[in-house]
$ cat coords.cif   # mmCIF, C-alpha atoms (C1' of nucleotides)
data_protein
loop_
_atom_site.label_atom_id
_atom_site.label_comp_id
_atom_site.auth_asym_id
_atom_site.auth_seq_id
_atom_site.Cartn_x
_atom_site.Cartn_y
_atom_site.Cartn_z
CA MET W 1227 17.43 -42.72 -16.57
CA THR W 1228 16.65 -42.52 -12.90
CA HIS W 1229 20.15 -42.31 -11.64
CA SER W 1230 18.45 -40.47 -8.82
CA THR W 1231 20.48 -37.44 -7.86
CA PRO W 1232 24.09 -38.33 -8.63
CA ALA W 1233 25.05 -36.60 -5.43
CA PRO W 1234 27.07 -33.50 -6.26
CA ARG W 1235 30.67 -33.80 -5.26
CA LYS W 1236 31.47 -30.15 -4.94
CA ASP W 1237 30.51 -29.42 -1.42
CA LEU W 1238 28.29 -26.40 -1.63
CA SER W 1239 28.09 -26.06 2.09
CA GLY W 1240 30.87 -23.93 3.42
CA THR W 1241 30.88 -22.04 0.20
CA GLY W 1242 29.72 -18.92 1.88
CA GLN W 1243 32.53 -18.30 4.33
CA GLU W 1244 30.07 -18.17 7.19
CA ALA W 1245 29.92 -14.64 8.51
CA SER W 1246 31.56 -11.64 6.97
CA VAL W 1247 35.10 -11.05 5.68
CA PRO W 1248 34.82 -13.30 2.67
CA VAL W 1249 37.69 -11.46 1.08
CA PRO W 1250 40.10 -9.24 2.94
CA ALA W 1251 40.46 -6.24 0.74
CA ALA W 1252 40.79 -7.71 -2.69
CA ALA W 1253 37.19 -6.70 -2.94
CA SER W 1254 37.71 -3.18 -1.75
CA GLY W 1255 38.70 -2.05 -5.20
CA GLY W 1256 35.34 -3.10 -6.54
CA PRO W 1257 32.68 -4.29 -4.16
CA ILE W 1258 29.99 -4.53 -6.80
CA SER W 1259 32.25 -6.28 -9.22
CA HIS W 1260 33.22 -8.70 -6.57
CA ALA W 1261 29.65 -9.31 -5.55
CA ILE W 1262 28.73 -9.98 -9.15
CA PHE W 1263 31.61 -12.38 -9.40
CA ARG W 1264 30.62 -14.31 -6.30
CA LEU W 1265 26.96 -14.40 -7.13
CA ALA W 1266 27.71 -15.60 -10.62
CA ARG W 1267 30.01 -18.26 -9.29
CA LEU W 1268 27.46 -19.66 -6.89
CA HIS W 1269 24.75 -19.41 -9.46
CA ARG W 1270 26.74 -21.33 -12.01
CA MET W 1271 27.59 -23.91 -9.41
CA PHE W 1272 23.94 -24.54 -8.67
CA ALA W 1273 22.97 -24.57 -12.29
CA GLY W 1274 25.76 -27.01 -12.93
CA GLN W 1275 24.55 -29.40 -10.30
CA LEU W 1276 20.98 -29.22 -11.42
CA LEU W 1277 21.96 -29.81 -15.00
CA ARG W 1278 24.36 -32.56 -14.12
CA SER W 1279 21.55 -34.59 -12.63
CA ILE W 1280 19.77 -34.20 -15.93
CA GLY W 1281 22.73 -35.17 -18.02
CA LEU W 1282 23.58 -31.84 -19.56
CA HIS W 1283 26.50 -29.55 -19.08
CA PRO W 1284 26.08 -25.87 -18.35
CA GLY W 1285 25.48 -24.03 -21.56
CA GLN W 1286 24.06 -26.99 -23.39
CA GLU W 1287 20.71 -26.44 -21.78
CA LEU W 1288 20.44 -23.03 -23.38
CA VAL W 1289 21.00 -24.50 -26.80
CA MET W 1290 18.35 -27.09 -26.18
CA MET W 1291 15.85 -24.55 -24.90
CA HIS W 1292 16.27 -22.43 -27.99
CA LEU W 1293 15.87 -25.43 -30.22
CA TRP W 1294 12.79 -26.65 -28.39
CA GLU W 1295 11.27 -23.26 -28.64
CA LEU W 1296 12.22 -22.08 -32.06
CA GLY W 1297 12.74 -25.32 -33.90
CA PRO W 1298 15.71 -26.14 -36.12
CA GLN W 1299 18.34 -23.47 -36.23
CA ARG W 1300 21.65 -22.95 -37.87
CA GLN W 1301 24.66 -22.78 -35.63
CA THR W 1302 25.08 -19.15 -36.46
CA ASP W 1303 21.56 -18.45 -35.28
CA LEU W 1304 22.25 -20.23 -32.03
CA VAL W 1305 25.44 -18.27 -31.62
CA ARG W 1306 23.54 -15.05 -32.05
CA LEU W 1307 20.72 -16.10 -29.76
CA MET W 1308 23.06 -17.02 -26.97
CA ASP W 1309 25.64 -14.43 -27.80
CA SER W 1310 28.12 -17.22 -27.81
CA ASP W 1311 31.08 -18.16 -29.93
CA ALA W 1312 31.10 -19.98 -33.25
CA ALA W 1313 33.88 -22.28 -32.17
CA THR W 1314 32.22 -23.10 -28.89
CA MET W 1315 28.95 -23.74 -30.67
CA THR W 1316 30.58 -26.11 -33.08
CA ARG W 1317 31.87 -28.23 -30.27
CA THR W 1318 28.80 -27.95 -28.09
CA VAL W 1319 26.62 -29.10 -30.96
CA GLN W 1320 29.02 -31.94 -31.66
CA ARG W 1321 28.68 -33.11 -28.07
CA LEU W 1322 24.93 -32.72 -28.02
CA GLU W 1323 24.78 -34.66 -31.25
CA GLN W 1324 26.96 -37.37 -29.83
CA ALA W 1325 24.78 -37.47 -26.74
CA GLY W 1326 21.77 -37.99 -28.98
CA PHE W 1327 19.92 -34.81 -28.08
CA VAL W 1328 20.41 -33.13 -31.39
CA ARG W 1329 20.66 -33.98 -35.05
CA ARG W 1330 22.10 -32.12 -38.00
CA ARG W 1331 20.49 -31.81 -41.35
CA PRO W 1332 22.15 -30.02 -44.26
CA SER W 1333 20.48 -26.75 -45.02
CA PRO W 1334 18.49 -26.94 -48.25
CA THR W 1335 19.45 -23.43 -49.25
CA ASP W 1336 23.00 -23.07 -48.03
CA LYS W 1337 25.64 -25.67 -48.55
CA ARG W 1338 27.82 -24.18 -45.87
CA ALA W 1339 25.28 -24.45 -43.12
CA SER W 1340 23.43 -27.24 -41.43
CA LEU W 1341 20.25 -27.12 -39.45
CA ILE W 1342 20.40 -28.31 -35.88
CA GLU W 1343 17.23 -29.87 -34.58
CA PRO W 1344 16.28 -31.48 -31.29
CA THR W 1345 15.72 -35.22 -31.37
CA ALA W 1346 12.66 -36.96 -30.02
CA ALA W 1347 14.78 -38.26 -27.18
CA SER W 1348 15.64 -34.74 -26.19
CA HIS W 1349 12.06 -33.78 -25.55
CA ALA W 1350 12.04 -35.97 -22.50
CA LEU W 1351 14.54 -33.58 -21.02
CA ARG W 1352 12.56 -30.48 -21.65
CA ARG W 1353 10.37 -30.71 -18.61
CA GLU W 1354 13.32 -31.54 -16.40
CA VAL W 1355 15.30 -28.61 -17.68
CA GLU W 1356 12.45 -26.20 -17.19
CA GLN W 1357 11.86 -27.60 -13.75
CA SER W 1358 15.48 -27.10 -12.85
CA TRP W 1359 15.37 -23.53 -14.05
CA SER W 1360 12.38 -22.68 -11.94
CA GLN W 1361 13.91 -24.54 -9.05
CA LEU W 1362 17.01 -22.42 -9.34
CA GLU W 1363 14.86 -19.33 -9.61
CA ASP W 1364 13.05 -20.28 -6.44
CA LEU W 1365 16.32 -20.80 -4.66
CA VAL W 1366 17.76 -17.49 -5.68
CA THR W 1367 14.62 -15.52 -4.98
CA ALA W 1368 13.81 -17.27 -1.73
CA GLY W 1369 12.24 -14.94 0.76
CA LEU W 1370 11.80 -12.11 -1.69
CA SER W 1371 8.45 -10.54 -2.25
CA ALA W 1372 7.20 -10.02 -5.76
CA ASP W 1373 8.17 -6.38 -5.49
CA GLU W 1374 11.63 -7.22 -4.31
CA CYS W 1375 12.02 -9.62 -7.18
CA THR W 1376 11.05 -6.96 -9.64
CA GLU W 1377 13.43 -4.58 -8.05
CA ALA W 1378 16.26 -7.09 -8.02
CA LEU W 1379 15.64 -7.81 -11.64
CA SER W 1380 15.75 -4.18 -12.58
CA THR W 1381 18.94 -3.73 -10.62
CA LEU W 1382 20.57 -6.60 -12.44
CA GLU W 1383 19.39 -5.23 -15.73
CA ARG W 1384 20.60 -1.80 -14.88
CA LEU W 1385 24.07 -3.11 -14.23
CA GLU W 1386 23.90 -5.16 -17.38
CA GLN W 1387 22.83 -2.16 -19.38
CA ASN W 1388 25.76 -0.22 -18.06
CA LEU W 1389 28.11 -2.81 -19.40
CA VAL W 1390 26.27 -3.04 -22.67
CA GLN W 1391 26.54 0.71 -23.00
CA ALA W 1392 30.20 0.68 -22.16
CA ALA W 1393 30.73 -1.98 -24.77
CA ALA W 1394 28.98 -0.11 -27.51
CA ASP W 1395 29.53 3.59 -27.20
CA PRO W 1396 32.33 5.04 -25.35
CA THR W 1397 36.01 5.47 -25.11
CA CYS W 1398 36.86 1.96 -26.09
CA ALA W 1399 35.83 2.78 -29.60
CA ALA W 1400 38.97 1.11 -30.94
CA GLU W 1401 38.01 -1.19 -33.79
CA ARG W 1402 35.64 -0.33 -36.56
CA MET O 320 56.40 -5.55 -23.05
CA THR O 321 54.51 -2.60 -24.40
CA HIS O 322 52.24 -4.54 -26.65
CA SER O 323 50.02 -1.53 -26.22
CA THR O 324 46.43 -2.59 -25.94
CA PRO O 325 46.28 -5.90 -27.81
CA ALA O 326 42.95 -4.77 -29.19
CA PRO O 327 40.27 -7.15 -27.98
CA ARG O 328 39.00 -9.38 -30.67
CA LYS O 329 35.64 -10.22 -29.21
CA ASP O 330 33.45 -7.44 -30.40
CA LEU O 331 31.70 -6.18 -27.35
CA SER O 332 29.48 -3.91 -29.32
CA GLY O 333 26.32 -5.63 -30.41
CA THR O 334 26.49 -7.77 -27.33
CA GLY O 335 23.41 -6.21 -25.93
CA GLN O 336 20.81 -7.19 -28.46
CA GLU O 337 19.76 -3.60 -28.90
CA ALA O 338 16.25 -3.17 -27.58
CA SER O 339 14.23 -5.80 -25.80
CA VAL O 340 13.60 -9.46 -26.53
CA PRO O 341 17.06 -10.70 -25.81
CA VAL O 342 15.71 -14.18 -25.34
CA PRO O 343 12.32 -15.34 -26.49
CA ALA O 344 11.01 -17.29 -23.58
CA ALA O 345 13.93 -19.34 -22.50
CA ALA O 346 14.21 -16.71 -19.85
CA SER O 347 10.63 -16.86 -18.80
CA GLY O 348 11.31 -19.81 -16.55
CA GLY O 349 13.75 -17.75 -14.56
CA PRO O 350 14.11 -14.10 -15.30
CA ILE O 351 16.41 -13.41 -12.37
CA SER O 352 18.55 -16.42 -13.11
CA HIS O 353 18.81 -15.34 -16.66
CA ALA O 354 19.68 -11.79 -15.71
CA ILE O 355 22.39 -13.06 -13.40
CA PHE O 356 23.72 -15.20 -16.18
CA ARG O 357 23.87 -12.36 -18.67
CA LEU O 358 25.30 -9.88 -16.26
CA ALA O 359 27.96 -12.35 -15.20
CA ARG O 360 28.81 -13.06 -18.79
CA LEU O 361 29.29 -9.44 -19.71
CA HIS O 362 31.15 -8.79 -16.53
CA ARG O 363 33.57 -11.61 -17.15
CA MET O 364 34.04 -10.45 -20.68
CA PHE O 365 35.08 -7.01 -19.55
CA ALA O 366 37.28 -8.31 -16.81
CA GLY O 367 38.88 -10.63 -19.31
CA GLN O 368 39.71 -7.82 -21.68
CA LEU O 369 41.07 -5.59 -18.98
CA LEU O 370 43.23 -8.38 -17.65
CA ARG O 371 44.36 -9.46 -21.04
CA SER O 372 45.89 -6.08 -21.65
CA ILE O 373 47.81 -6.58 -18.44
CA GLY O 374 48.98 -10.04 -19.28
CA LEU O 375 46.87 -12.05 -16.89
CA HIS O 376 44.03 -14.43 -17.43
CA PRO O 377 40.77 -14.15 -15.52
CA GLY O 378 41.17 -15.76 -12.15
CA GLN O 379 44.90 -15.28 -11.98
CA GLU O 380 44.44 -11.72 -10.84
CA LEU O 381 42.62 -12.89 -7.74
CA VAL O 382 45.49 -15.13 -6.79
CA MET O 383 47.91 -12.28 -7.23
CA MET O 384 45.82 -9.87 -5.22
CA HIS O 385 45.65 -12.26 -2.35
CA LEU O 386 49.38 -12.83 -2.47
CA TRP O 387 50.15 -9.14 -2.64
CA GLU O 388 47.94 -8.50 0.28
CA LEU O 389 48.57 -11.40 2.54
CA GLY O 390 52.04 -12.44 1.53
CA PRO O 391 53.16 -16.01 0.84
CA GLN O 392 50.38 -18.54 1.05
CA ARG O 393 50.01 -22.24 0.60
CA GLN O 394 47.92 -23.39 -2.30
CA THR O 395 45.33 -24.70 0.08
CA ASP O 396 45.01 -21.28 1.63
CA LEU O 397 44.53 -19.73 -1.77
CA VAL O 398 41.94 -22.31 -2.60
CA ARG O 399 40.05 -21.46 0.54
CA LEU O 400 40.37 -17.74 0.01
CA MET O 401 39.02 -17.88 -3.48
CA ASP O 402 36.74 -20.78 -2.86
CA SER O 403 38.36 -22.41 -5.82
CA ASP O 404 39.49 -25.91 -6.62
CA ALA O 405 42.76 -27.58 -5.63
CA ALA O 406 43.35 -28.91 -9.10
CA THR O 407 42.66 -25.57 -10.71
CA MET O 408 44.95 -23.87 -8.23
CA THR O 409 47.77 -26.26 -8.98
CA ARG O 410 47.65 -25.39 -12.62
CA THR O 411 47.01 -21.70 -12.16
CA VAL O 412 50.02 -21.44 -9.89
CA GLN O 413 52.09 -23.39 -12.38
CA ARG O 414 51.18 -20.89 -15.06
CA LEU O 415 51.79 -17.89 -12.88
CA GLU O 416 55.13 -19.39 -11.94
CA GLN O 417 56.00 -19.96 -15.54
CA ALA O 418 54.99 -16.40 -16.32
CA GLY O 419 57.36 -15.21 -13.64
CA PHE O 420 54.77 -13.63 -11.37
CA VAL O 421 55.06 -16.14 -8.61
CA ARG O 422 57.65 -18.33 -6.97
CA ARG O 423 57.37 -21.47 -4.87
CA ARG O 424 59.34 -22.14 -1.76
CA PRO O 425 59.03 -25.38 0.18
CA SER O 426 57.23 -24.90 3.43
CA PRO O 427 59.63 -25.14 6.36
CA THR O 428 57.08 -26.94 8.48
CA ASP O 429 55.25 -29.14 6.05
CA LYS O 430 56.99 -31.21 3.43
CA ARG O 431 53.78 -31.63 1.48
CA ALA O 432 53.15 -27.97 1.01
CA SER O 433 54.96 -25.13 -0.65
CA LEU O 434 54.58 -21.45 -0.09
CA ILE O 435 53.58 -19.36 -3.05
CA GLU O 436 54.95 -15.85 -3.06
CA PRO O 437 54.72 -12.97 -5.51
CA THR O 438 57.92 -12.09 -7.32
CA ALA O 439 59.38 -8.63 -7.51
CA ALA O 440 58.37 -8.51 -11.15
CA SER O 441 54.77 -9.11 -10.20
CA HIS O 442 54.57 -5.98 -8.11
CA ALA O 443 54.73 -3.92 -11.24
CA LEU O 444 51.36 -5.39 -12.12
CA ARG O 445 49.68 -4.55 -8.89
CA ARG O 446 48.81 -1.02 -9.73
CA GLU O 447 47.53 -1.99 -13.13
CA VAL O 448 45.36 -4.70 -11.72
CA GLU O 449 43.88 -2.45 -9.10
CA GLN O 450 43.32 0.18 -11.71
CA SER O 451 41.51 -2.29 -13.92
CA TRP O 452 39.32 -3.35 -11.06
CA SER O 453 38.24 0.16 -10.27
CA GLN O 454 37.81 0.86 -13.94
CA LEU O 455 35.47 -2.10 -14.18
CA GLU O 456 33.68 -0.93 -11.09
CA ASP O 457 33.19 2.49 -12.63
CA LEU O 458 31.84 0.95 -15.76
CA VAL O 459 29.34 -1.23 -14.01
CA THR O 460 28.17 1.45 -11.63
CA ALA O 461 28.06 4.23 -14.20
CA GLY O 462 25.27 6.62 -13.54
CA LEU O 463 24.39 5.18 -10.18
CA SER O 464 24.28 7.36 -7.12
CA ALA O 465 26.04 6.26 -3.99
CA ASP O 466 22.73 5.17 -2.58
CA GLU O 467 21.90 3.18 -5.64
CA CYS O 468 25.27 1.51 -5.45
CA THR O 469 24.69 0.53 -1.88
CA GLU O 470 21.31 -0.78 -2.78
CA ALA O 471 22.60 -2.71 -5.75
CA LEU O 472 25.28 -4.21 -3.60
CA SER O 473 22.83 -5.32 -0.98
CA THR O 474 20.60 -6.80 -3.64
CA LEU O 475 23.47 -8.81 -5.04
CA GLU O 476 24.44 -9.94 -1.59
CA ARG O 477 20.91 -10.87 -0.78
CA LEU O 478 20.74 -13.12 -3.80
CA GLU O 479 24.12 -14.54 -2.94
CA GLN O 480 23.05 -15.24 0.59
CA ASN O 481 20.02 -17.07 -0.67
CA LEU O 482 22.23 -19.41 -2.60
CA VAL O 483 24.65 -19.78 0.28
CA GLN O 484 21.72 -20.68 2.49
CA ALA O 485 20.38 -23.12 -0.01
CA ALA O 486 23.77 -24.73 -0.21
CA ALA O 487 24.17 -25.17 3.49
CA ASP O 488 20.86 -25.90 5.11
CA PRO O 489 17.96 -27.27 3.32
CA THR O 490 16.54 -30.13 1.46
CA CYS O 491 19.69 -30.98 -0.38
CA ALA O 492 21.09 -32.29 2.86
CA ALA O 493 22.36 -35.36 1.04
CA GLU O 494 25.99 -35.86 1.94
CA ARG O 495 27.48 -35.54 5.41
"C1'" DA X 786 30.72 -14.12 -65.82
"C1'" DA X 787 34.37 -12.89 -62.51
"C1'" DC X 788 36.08 -11.25 -58.47
"C1'" DA X 789 36.32 -9.27 -53.68
"C1'" DG X 790 34.34 -9.58 -49.42
"C1'" DA X 791 31.25 -11.46 -46.16
"C1'" DT X 792 29.43 -15.88 -43.98
"C1'" DA X 793 29.11 -20.51 -41.97
"C1'" DC X 794 31.87 -23.80 -40.02
"C1'" DC X 795 35.86 -26.29 -38.40
"C1'" DT X 796 40.31 -27.06 -35.98
"C1'" DG X 797 44.09 -26.08 -32.90
"C1'" DC X 798 45.58 -23.78 -28.92
"C1'" DT X 799 45.22 -21.89 -24.07
"C1'" DC X 800 42.69 -20.95 -19.91
"C1'" DG X 801 39.56 -21.64 -15.79
"C1'" DG X 802 36.62 -24.90 -13.70
"C1'" DA X 803 34.87 -29.31 -12.11
"C1'" DC X 804 35.32 -34.46 -11.21
"C1'" DA X 805 38.11 -38.66 -10.32
"C1'" DA X 806 41.91 -40.96 -8.72
"C1'" DG X 807 46.38 -41.24 -6.94
"C1'" DT X 808 50.81 -40.06 -4.05
"C1'" DA X 809 53.26 -38.40 -0.23
"C1'" DA X 810 53.40 -36.38 4.11
"C1'" DA X 811 51.21 -35.03 8.54
"C1'" DT X 812 48.03 -36.11 12.33
"C1'" DG X 813 45.13 -38.54 15.54
"C1'" DC X 814 44.61 -42.65 18.16
"C1'" DC X 815 45.56 -46.85 20.39
"C1'" DG C 916 55.83 -47.37 17.83
"C1'" DG C 917 52.26 -48.63 14.48
"C1'" DC C 918 48.15 -47.71 12.05
"C1'" DA C 919 44.12 -45.48 9.90
"C1'" DT C 920 42.63 -41.03 8.62
"C1'" DT C 921 43.18 -36.54 6.98
"C1'" DT C 922 45.52 -33.17 4.41
"C1'" DA C 923 48.38 -30.99 0.46
"C1'" DC C 924 49.20 -31.47 -3.92
"C1'" DT C 925 49.41 -33.60 -8.65
"C1'" DT C 926 47.71 -35.54 -12.95
"C1'" DG C 927 44.20 -36.96 -16.25
"C1'" DT C 928 39.74 -36.19 -18.23
"C1'" DC C 929 35.93 -33.48 -19.91
"C1'" DC C 930 33.58 -29.15 -20.62
"C1'" DG C 931 32.70 -24.12 -21.88
"C1'" DA C 932 34.95 -20.08 -23.49
"C1'" DG C 933 38.10 -17.21 -25.94
"C1'" DC C 934 41.56 -16.23 -29.72
"C1'" DA C 935 43.76 -17.38 -34.21
"C1'" DG C 936 43.76 -19.27 -38.54
"C1'" DG C 937 41.83 -21.98 -42.44
"C1'" DT C 938 38.29 -23.70 -45.87
"C1'" DA C 939 34.32 -23.92 -48.28
"C1'" DT C 940 30.33 -21.29 -49.92
"C1'" DC C 941 27.37 -17.37 -50.76
"C1'" DT C 942 26.65 -12.50 -52.24
"C1'" DG C 943 27.17 -7.91 -53.93
"C1'" DT C 944 29.51 -5.33 -57.39
"C1'" DT C 945 31.40 -4.44 -61.56
#
$ encode --input "coords.cif" --output "structure tokens"
Amino acid sequence: MTHSTPAPRKDLSGTGQEASVPVPAAASGGPISHAIFRLARLHRMFAGQLLRSIGLHPGQELVMMHLWELGPQRQTDLVRLMDSDAATMTRTVQRLEQAGFVRRRPSPTDKRASLIEPTAASHALRREVEQSWSQLEDLVTAGLSADECTEALSTLERLEQNLVQAAADPTCAAER
Amino acid sequence: MTHSTPAPRKDLSGTGQEASVPVPAAASGGPISHAIFRLARLHRMFAGQLLRSIGLHPGQELVMMHLWELGPQRQTDLVRLMDSDAATMTRTVQRLEQAGFVRRRPSPTDKRASLIEPTAASHALRREVEQSWSQLEDLVTAGLSADECTEALSTLERLEQNLVQAAADPTCAAER
DNA sequence: AACAGATACCTGCTCGGACAAGTAAATGCC
DNA sequence: GGCATTTACTTGTCCGAGCAGGTATCTGTT
């Protein structure tokens, strides 16, 4: 503990291409798409750095948060909660287990499954993780009024809903 | 060629957790952050599927677009354009080269560098890629008026700028 | 009870992405 | 010219993420 800010290597400064013209015209075909892409990239970068100083990798923190909140879960449940992938979850849990943040116990009712539960050691992380999340939230919402935040949130959700819709309903019916 | 829509395996339907309560309270610590995360995830998923049907992997299409638009570039230039990583670029270019979409020519002025240029074969992809981008854009902006699009864009950029700012200026001065 | 189909996991592969460390060539400086 | 520094690129490692396939185990049906 107390490695005191491992000093991120990826230089975040200069990430923003200063003024305008971040991308010639590659963006012209989809300005929103491109903005989403860039925002997501930066966001992940920050989250990664925050988490790194805690000792987790991006994605692992979500697993831990679900476990802290809901208690022991099967991998399948975690997959569904995070809308993740079974294979990814297998390996993520393996790494969390190896790191000592998580423990597996065979399910009493299902011999195929095992219950994943957070270890005592992991609880020390909880506050740090939550702190990092709110820190990131502060960063991203800096200078926005409460109203603007609400609006931003609804915009993001609107876009998300569009994609969710597109995934479920329409033309790309394909399978099923 | 003509594998005709390789039929995405990842079932996009059901991705949206139906009604509300997508995440208990893991999101409560950072609703905007979480929304960004989810939107980005869905967005990447769609982009991935679109690209897959073209024969590219996510990220490769950006390299190609830059090359198509700007002509031969050094890897370093591509890295700067995409704000990517030198190591990643090395391997991405290797794969694009192996796939026949790109060719390397030693730089006439710098023995360390090589110029990456799109092959003739790659130009056949260009239209498809651009089409996919606008298709994705249509999906994500479905049902939004022009004004709403503009507003959404500025919201995304505002959030992005916040992170850019945070990266450059403030407390996390650290290095340098 | 027996069987088909769905589930819960695991493993192998490929990819982008990030860090670390190393090599060769170019550049700045004396 | 000689030397340290910077730059361009490469390789190795680890991680999440996706696809493909495989193995137990459970479950619904007959």
$ interface_residues --input "coords.cif" --of "chain W" --to "chain O" --cutoff "6 Å" --atoms "all atoms listed in the file" --output "list of chain:residue names"
W:Leu1238, W:Ser1239, W:Gly1242, W:Gly1255, W:Gly1256, W:Ile1258, W:Ser1259, W:Leu1265, W:Ala1266, W:Ser1360, W:Glu1363, W:Val1366, W:Leu1379, W:Leu1385, W:Glu1386, W:Asn1388, W:Leu1389, W:Val1390, W:Ala1393, W:Ala1394
$ residues_around --input "coords.cif" --residues "Val1319 of chain W" --least-positions-apart "4" --cutoff "10 Å" --atoms "all atoms listed in the file" --output "ChimeraX atom specification"
/W:1286,1289-1290,1301,1304,1314-1315,1323-1325,1327-1330,1342
$ write_last_selection --input "coords.cif" --atoms "C-alpha atoms" --output "mmCIF file, keeping the file's coordinate frame"
data_model
loop_
_atom_site.group_PDB
_atom_site.id
_atom_site.type_symbol
_atom_site.label_atom_id
_atom_site.label_comp_id
_atom_site.auth_asym_id
_atom_site.auth_seq_id
_atom_site.Cartn_x
_atom_site.Cartn_y
_atom_site.Cartn_z
ATOM 1 C CA GLN W 1286 24.060 -26.990 -23.390
ATOM 2 C CA VAL W 1289 21.000 -24.500 -26.800
ATOM 3 C CA MET W 1290 18.350 -27.090 -26.180
ATOM 4 C CA GLN W 1301 24.660 -22.780 -35.630
ATOM 5 C CA LEU W 1304 22.250 -20.230 -32.030
ATOM 6 C CA THR W 1314 32.220 -23.100 -28.890
ATOM 7 C CA MET W 1315 28.950 -23.740 -30.670
ATOM 8 C CA GLU W 1323 24.780 -34.660 -31.250
ATOM 9 C CA GLN W 1324 26.960 -37.370 -29.830
ATOM 10 C CA ALA W 1325 24.780 -37.470 -26.740
ATOM 11 C CA PHE W 1327 19.920 -34.810 -28.080
ATOM 12 C CA VAL W 1328 20.410 -33.130 -31.390
ATOM 13 C CA ARG W 1329 20.660 -33.980 -35.050
ATOM 14 C CA ARG W 1330 22.100 -32.120 -38.000
ATOM 15 C CA ILE W 1342 20.400 -28.310 -35.880
#
$ interface_residues --input "coords.cif" --of "chain X" --to "chain O" --cutoff "8 Å" --atoms "all atoms listed in the file" --output "list in words"
DC800, DG801, DG802, DA803, DA809, DA810 and DA811 of chain X
$ atom_distance --input "coords.cif" --atom1 "atom C1' of DT944 of chain C" --atom2 "atom C1' of DT792 of chain X"
17.1 Å
$ resolve_selection --input "coords.cif" --expression "the PyMOL selection byres ((chain C) within 7 of (chain W))" --output "list of chain:residue names"
C:DA932, C:DA939, C:DT940
$ write_last_selection --input "coords.cif" --atoms "C-alpha atoms (C1' of nucleotides)" --output "mmCIF file, keeping the file's coordinate frame"
data_model
loop_
_atom_site.group_PDB
_atom_site.id
_atom_site.type_symbol
_atom_site.label_atom_id
_atom_site.label_comp_id
_atom_site.auth_asym_id
_atom_site.auth_seq_id
_atom_site.Cartn_x
_atom_site.Cartn_y
_atom_site.Cartn_z
ATOM 1 C "C1'" DA C 932 34.950 -20.080 -23.490
ATOM 2 C "C1'" DA C 939 34.320 -23.920 -48.280
ATOM 3 C "C1'" DT C 940 30.330 -21.290 -49.920
#
$ decode --input "coords.cif" --residues "segment 462-473 of chain O" --atoms "N, CA and C atoms" --output "mmCIF file, in the first residue's frame"
data_model
loop_
_atom_site.group_PDB
_atom_site.id
_atom_site.type_symbol
_atom_site.label_atom_id
_atom_site.label_comp_id
_atom_site.auth_asym_id
_atom_site.auth_seq_id
_atom_site.Cartn_x
_atom_site.Cartn_y
_atom_site.Cartn_z
ATOM 1 N N GLY O 462 -33.846 9.827 -34.971
ATOM 2 C CA GLY O 462 -34.900 10.548 -34.289
ATOM 3 C C GLY O 462 -34.495 11.875 -33.707
ATOM 4 N N LEU O 463 -33.269 12.289 -33.967
ATOM 5 C CA LEU O 463 -32.844 13.593 -33.469
ATOM 6 C C LEU O 463 -32.932 14.622 -34.591
ATOM 7 N N SER O 464 -33.433 15.775 -34.234
ATOM 8 C CA SER O 464 -33.462 16.861 -35.212
ATOM 9 C C SER O 464 -32.051 17.391 -35.397
ATOM 10 N N ALA O 465 -31.897 18.198 -36.410
ATOM 11 C CA ALA O 465 -30.575 18.773 -36.670
ATOM 12 C C ALA O 465 -30.082 19.556 -35.463
ATOM 13 N N ASP O 466 -31.013 20.273 -34.866
ATOM 14 C CA ASP O 466 -30.654 21.057 -33.681
ATOM 15 C C ASP O 466 -30.196 20.151 -32.547
ATOM 16 N N GLU O 467 -30.957 19.101 -32.377
ATOM 17 C CA GLU O 467 -30.613 18.184 -31.284
ATOM 18 C C GLU O 467 -29.260 17.545 -31.522
ATOM 19 N N CYS O 468 -28.977 17.264 -32.777
ATOM 20 C CA CYS O 468 -27.670 16.712 -33.115
ATOM 21 C C CYS O 468 -26.570 17.688 -32.739
ATOM 22 N N THR O 469 -26.768 18.904 -33.147
ATOM 23 C CA THR O 469 -25.771 19.922 -32.832
ATOM 24 C C THR O 469 -25.557 20.027 -31.338
ATOM 25 N N GLU O 470 -26.668 19.980 -30.646
ATOM 26 C CA GLU O 470 -26.595 20.112 -29.198
ATOM 27 C C GLU O 470 -25.892 18.913 -28.575
ATOM 28 N N ALA O 471 -26.250 17.744 -29.075
ATOM 29 C CA ALA O 471 -25.608 16.530 -28.560
ATOM 30 C C ALA O 471 -24.110 16.591 -28.803
ATOM 31 N N LEU O 472 -23.767 17.020 -29.982
ATOM 32 C CA LEU O 472 -22.357 17.117 -30.329
ATOM 33 C C LEU O 472 -21.625 18.057 -29.392
ATOM 34 N N SER O 473 -22.256 19.187 -29.124
ATOM 35 C CA SER O 473 -21.564 20.158 -28.271
ATOM 36 C C SER O 473 -21.481 19.647 -26.840
#
